[in-house]
Amino acid sequence: MYYNKSIKEIEKELNTNEQGLTDEEAKKRTIIHGKNTLPKHKKESVIKIFFSEFKDPIVILLLVAIIASFLVGETVDAFAILLIVLIDVLMGTYQENKANNTAEALAELVTVKTKVIRNGKIIKIESEDITIGDIILLESGDKISADIRLTETHNLTINESVITGESLEINKNHEKITKKNINIAEQTNMAFAGSTVVKGRAKGIVVGIGLNTEIGHIATSIQETKEEKSPLTIRVEKLSKQISMLVIIVGIIIALLMLAKGVPTHELFLSVIALSVSAMPEGLPLSLTMALTIASNKMASKNVVVKKLNSVESLGSCTVIASDKTGTLTVNEQTAKKILMPNGEEFTVTGVGYDFNGHVDGTNLEYAEEIALLGVINNEAIVKEDKKVGDSIDIAFKVLGNKLDIKTTGITILESIPYESENKYSAVFYEKDGNCYCTIKGSVEKVASFCKNLYLTKEKISTNHLENQNEYLASDGYRVIGVAAGKISKKENYTEKDIKNLTFMGMVGFIDPIRKEVIDSIKECKTAGIKVLMITGDHPLTAFSIAKELELTTDINKVASGEEVEKYLKKGKKDFDKFIKTKSVYARVTPLQKLEIVESLKRQGEFVAVTGDGVNDAPALKSANIGISMGSGTDLARETSKMIIIDDNFKSIVSAVKQGRVAYSNIRKIIYFLLSCGMAEVLFFILSIILDLPMPLVAIQLLWLNVVTDGIQDLALSFEKAEPGIMKEKPRNPKESIFDKNLIEEIAVSALIIGILVFVVWYYLIKILRMEVTMARGYIMALMVFIQNIHVFNCRSEKKSAFFVSIKNNPFIVVGVILTILLQIIVMESAFMTKILQTVSIPLFNLICLFVLSLVILFIMEIYKLIKYGKPNQKEK
């Protein structure tokens, strides 16, 4: 703990001094301590991504089918399935590589250089070459690249929001701290890697580099954190096992039936492969990839980059969004919101952040204008439309001045006293109209100590009165700045001794305002059954004020401080989980406490999404079921997360939630369509074998139906838009199988109807009409094409009537129907395709009869929906 050691103690311990290290010593220390770098996330190569696609259980099943087809000499079938697998794998590889490249492009490309003293001279070196004991020089705008114990400070203010989550800049000094076991935000004599110098200058000794910095500790905790599977990965793994068992069971049943009938082994093998092909949804991997790709592209249009396709629908399952406050829910720009005069008169300031749009509401605006003028005079910030540099409070004062059209013409600055954290004020001496004045701003208590009377009331200064006003603003989460001014005598040089007998003009309340669109986004989350939590490094009162404005809570007891979190952590997981369950806002928490909060929520059965942009968010992002980083955030946060919000907009998360739910809904529709058709094929096969009828379709015909006809329509289902009310449904349990009761029932009913219908037609053709088997198979194949094209309309909604789902929502369905029918006609009329698929040309009248028969599935499923879900209220628009 270097913060509670004196400078001399540290110099002795690290064997360094004001002259810095020699080059030779620096090289030795680099060998011992290593480079000042953090381990980079290694980008997956295209080859690795390609082979990882083969880990998909359904793809593995298809590979087994390919091998089996080759073994029995069905090379056409084998190559057809192989083609399907390759298309699916290539599409998945392309999409994930594209997402990785987009995420990588967001990384910072600028190399940070740092001023150090080496061999008694000031030089600039690459940040990675900094080592323990180096003497570092800091100035305004510098990005700090190591943990530093400050030895000299001059008006130093540092932004540590990426480390602590604290939105306010921290005033630093070099004094030894005697108190032990204090958090990062209280270590005012330390500067941490990853933070930025807002203003001032400093010198310090490097005490930590690489993994031994505060950022390094966070990076280590990330490496030790287990990455969570996406809910889709969990569900698809379950689905694959269920399909595998189904294929095995079907294969055993068929084999036993055929053995009992004395069927030759070769024919038995062909039949089992054919039935396995019919039971296995060959188009499912490609359809899943397509559905996720479409949702991913829609998310990208809403500024959400998905790094892994399987993560697309994860947000649709989340029950809790634990959001960072600074820069995510708020704009991370201090804003003047209230001006309070000593007589109690208030002025409200509109506008958000550093935007010049806004105005001041109140009766006597000249009073507000006086406060704003003084804030603009006593100011070091540079504020233009396209450039805003300096202390956040100084910038906010200048923005306030712009809203009131404040001009400083005719004012000459004579002398200034910059803000020092020890002094708690800044002062400016200026001349106007031949008279000299002094104005100061800072903490209310300090400013009041220079004052004789109160503005407007002309009463003598009253400490109690000002304390009450200060508390009034602070209780609403405002950072309060007092302003005073007064006439002084003209002289050559001014010092603090010349600041006396001033008039306390008033105080201004500043706050980091919430993003305008966030409240509606949070409401939509609540409607969707998603609880939104706020986790921040800010003071509990500030956090509570923001939470009230966001409508997260109106109860102060729902706010937990870092001290309370630590207290309950020590009590054990059971008590800690009970404590976490009762809270909505967490203030002044450390990165590791944030991680513990996420772990607790997961233990309670919540599916947790965590948003953030800073280094302090990274462990929680990694631990969360779905980590969402901001595009403007740190490299570490972006590398750790599964999704990146390019525009840092909380609203984009809600859009992603919706698209995640749409993706899952479409996946269910695809599975409903594919498996109901596949099970129907199994059913009419088994019935044919039982009744000693020939196989209704051979393997190549089944592949045509499953890959081409089914394939086109299940891809079309991927484009279905959100059904009404999708964001009013409660989140799904990620442990819930895709095969829930409703889906199993829908598949069973439709498969039974299709299977029996096709078998009856097959029986009629073979036994009644005595049709030749090859010709009869051509009729069955055409009938199945019609049934599949009709049944796809049933699958567009599990609950709503097909007649109440607008075609406008997905014109690809109609395109798919037309395309598959045209392809079937080409197959029937082309001599080459007829030979390959073993089909025949069918007269137009007979085709019309087959089409009419196929309508049975539409009307029976309409009756099923009507009985199960009731009459629809209105037609979808």
# chains A, B, ... in the order shown; residues from 1 in each chain; ligands from 1
call {"tool": "residues_around", "arguments": {"residues": "A:Val85", "least_positions_apart": "4", "cutoff": "7 Å", "atoms": "only C-alpha atoms", "output": "ChimeraX atom specification"}}
result
/A:59,81,89
call {"tool": "write_last_selection", "arguments": {"atoms": "N, CA, C and O atoms", "output": "PDB file, in the first residue's frame"}}
result
ATOM      1  N   VAL A  59     -24.592 -30.547 -36.727  1.00  0.00           N
ATOM      2  CA  VAL A  59     -23.621 -30.739 -37.813  1.00  0.00           C
ATOM      3  C   VAL A  59     -22.944 -32.098 -37.664  1.00  0.00           C
ATOM      4  O   VAL A  59     -22.732 -32.813 -38.655  1.00  0.00           O
ATOM      5  N   ILE A  81     -25.842 -33.977 -48.680  1.00  0.00           N
ATOM      6  CA  ILE A  81     -25.788 -33.573 -47.261  1.00  0.00           C
ATOM      7  C   ILE A  81     -24.502 -32.796 -46.986  1.00  0.00           C
ATOM      8  O   ILE A  81     -24.504 -31.801 -46.249  1.00  0.00           O
ATOM      9  N   VAL A  89     -21.651 -24.076 -42.526  1.00  0.00           N
ATOM     10  CA  VAL A  89     -20.391 -23.771 -41.836  1.00  0.00           C
ATOM     11  C   VAL A  89     -19.754 -22.502 -42.398  1.00  0.00           C
ATOM     12  O   VAL A  89     -19.261 -21.651 -41.649  1.00  0.00           O
TER      13      VAL A  89
END
call {"tool": "residues_around", "arguments": {"residues": "stretch 199-211 of chain A", "least_positions_apart": "3", "cutoff": "8 Å", "atoms": "only C-alpha atoms", "output": "count of residues only"}}
result
39
call {"tool": "residues_around", "arguments": {"residues": "stretch 848-864 of chain A", "least_positions_apart": "3", "cutoff": "12 Å", "atoms": "only C-alpha atoms", "output": "NGL selection string"}}
result
:A and (676-677 or 680 or 742 or 745-758 or 760-762 or 778-804 or 821 or 842-845 or 867-872)
call {"tool": "atom_distance", "arguments": {"atom1": "atom CA of A:Glu420", "atom2": "atom CA of A:Asn493"}}
result
19.5 Å
call {"tool": "select_by_dssp", "arguments": {"residues": "stretch 564-619 of chain A", "states": "strand (DSSP E)", "output": "list in words"}}
result
Val585, Tyr586, Ala587, Val608, Ala609, Val610, Thr611 and Gly612 of chain A
call {"tool": "select_by_dssp", "arguments": {"residues": "stretch 650-866 of chain A", "states": "helix (DSSP H, G or I)", "output": "PyMOL selection string"}}
result
chain A and resi 650-690+699-717+726-728+741-768+773-794+802-804+807-809+812-829+831-837+844-866
call {"tool": "closest_atom_pairs", "arguments": {"of": "stretch 609-724 of chain A", "to": "stretch 826-832 of chain A", "cutoff": "12 Å", "atoms": "only C-alpha atoms", "output": "JSON lines"}}
result
{"residue": "A:Gln701", "atom": "CA", "partner": "A:Val827", "partner_atom": "CA", "distance": 11.0}
{"residue": "A:Trp704", "atom": "CA", "partner": "A:Val827", "partner_atom": "CA", "distance": 10.2}
{"residue": "A:Leu705", "atom": "CA", "partner": "A:Val827", "partner_atom": "CA", "distance": 11.9}
{"residue": "A:Val708", "atom": "CA", "partner": "A:Val827", "partner_atom": "CA", "distance": 11.6}
call {"tool": "closest_residue", "arguments": {"among": "A:Val272, A:Ala716, A:Ile646, A:Val112", "to": "A:Lys124", "atoms": "only C-alpha atoms"}}
result
A:Val112
call {"tool": "atom_distance", "arguments": {"atom1": "atom CA of A:Leu256", "atom2": "atom CA of A:Pro694"}}
result
16.6 Å
call {"tool": "closest_residue", "arguments": {"among": "A:Ala656, A:Ile670, A:Ile738, A:Leu246", "to": "A:Lys302", "atoms": "only C-alpha atoms"}}
result
A:Ala656
call {"tool": "closest_residue", "arguments": {"among": "A:Asn468, A:Thr536, A:Met505, A:Leu83", "to": "A:Leu454", "atoms": "only C-alpha atoms"}}
result
A:Met505
call {"tool": "atom_distance", "arguments": {"atom1": "atom CA of A:Ser629", "atom2": "atom CA of A:Met643"}}
result
6.4 Å
call {"tool": "closest_residue", "arguments": {"among": "A:Lys730, A:Lys721, A:Lys651, A:His33", "to": "A:Ser521", "atoms": "only C-alpha atoms"}}
result
A:Lys651
call {"tool": "closest_residue", "arguments": {"among": "A:Met727, A:Ala609, A:Pro696, A:Asp520", "to": "A:Ser314", "atoms": "only C-alpha atoms"}}
result
A:Ala609
call {"tool": "closest_residue", "arguments": {"among": "A:Asp577, A:Glu736, A:Glu370, A:Asp617", "to": "A:Leu595", "atoms": "only C-alpha atoms"}}
result
A:Asp617
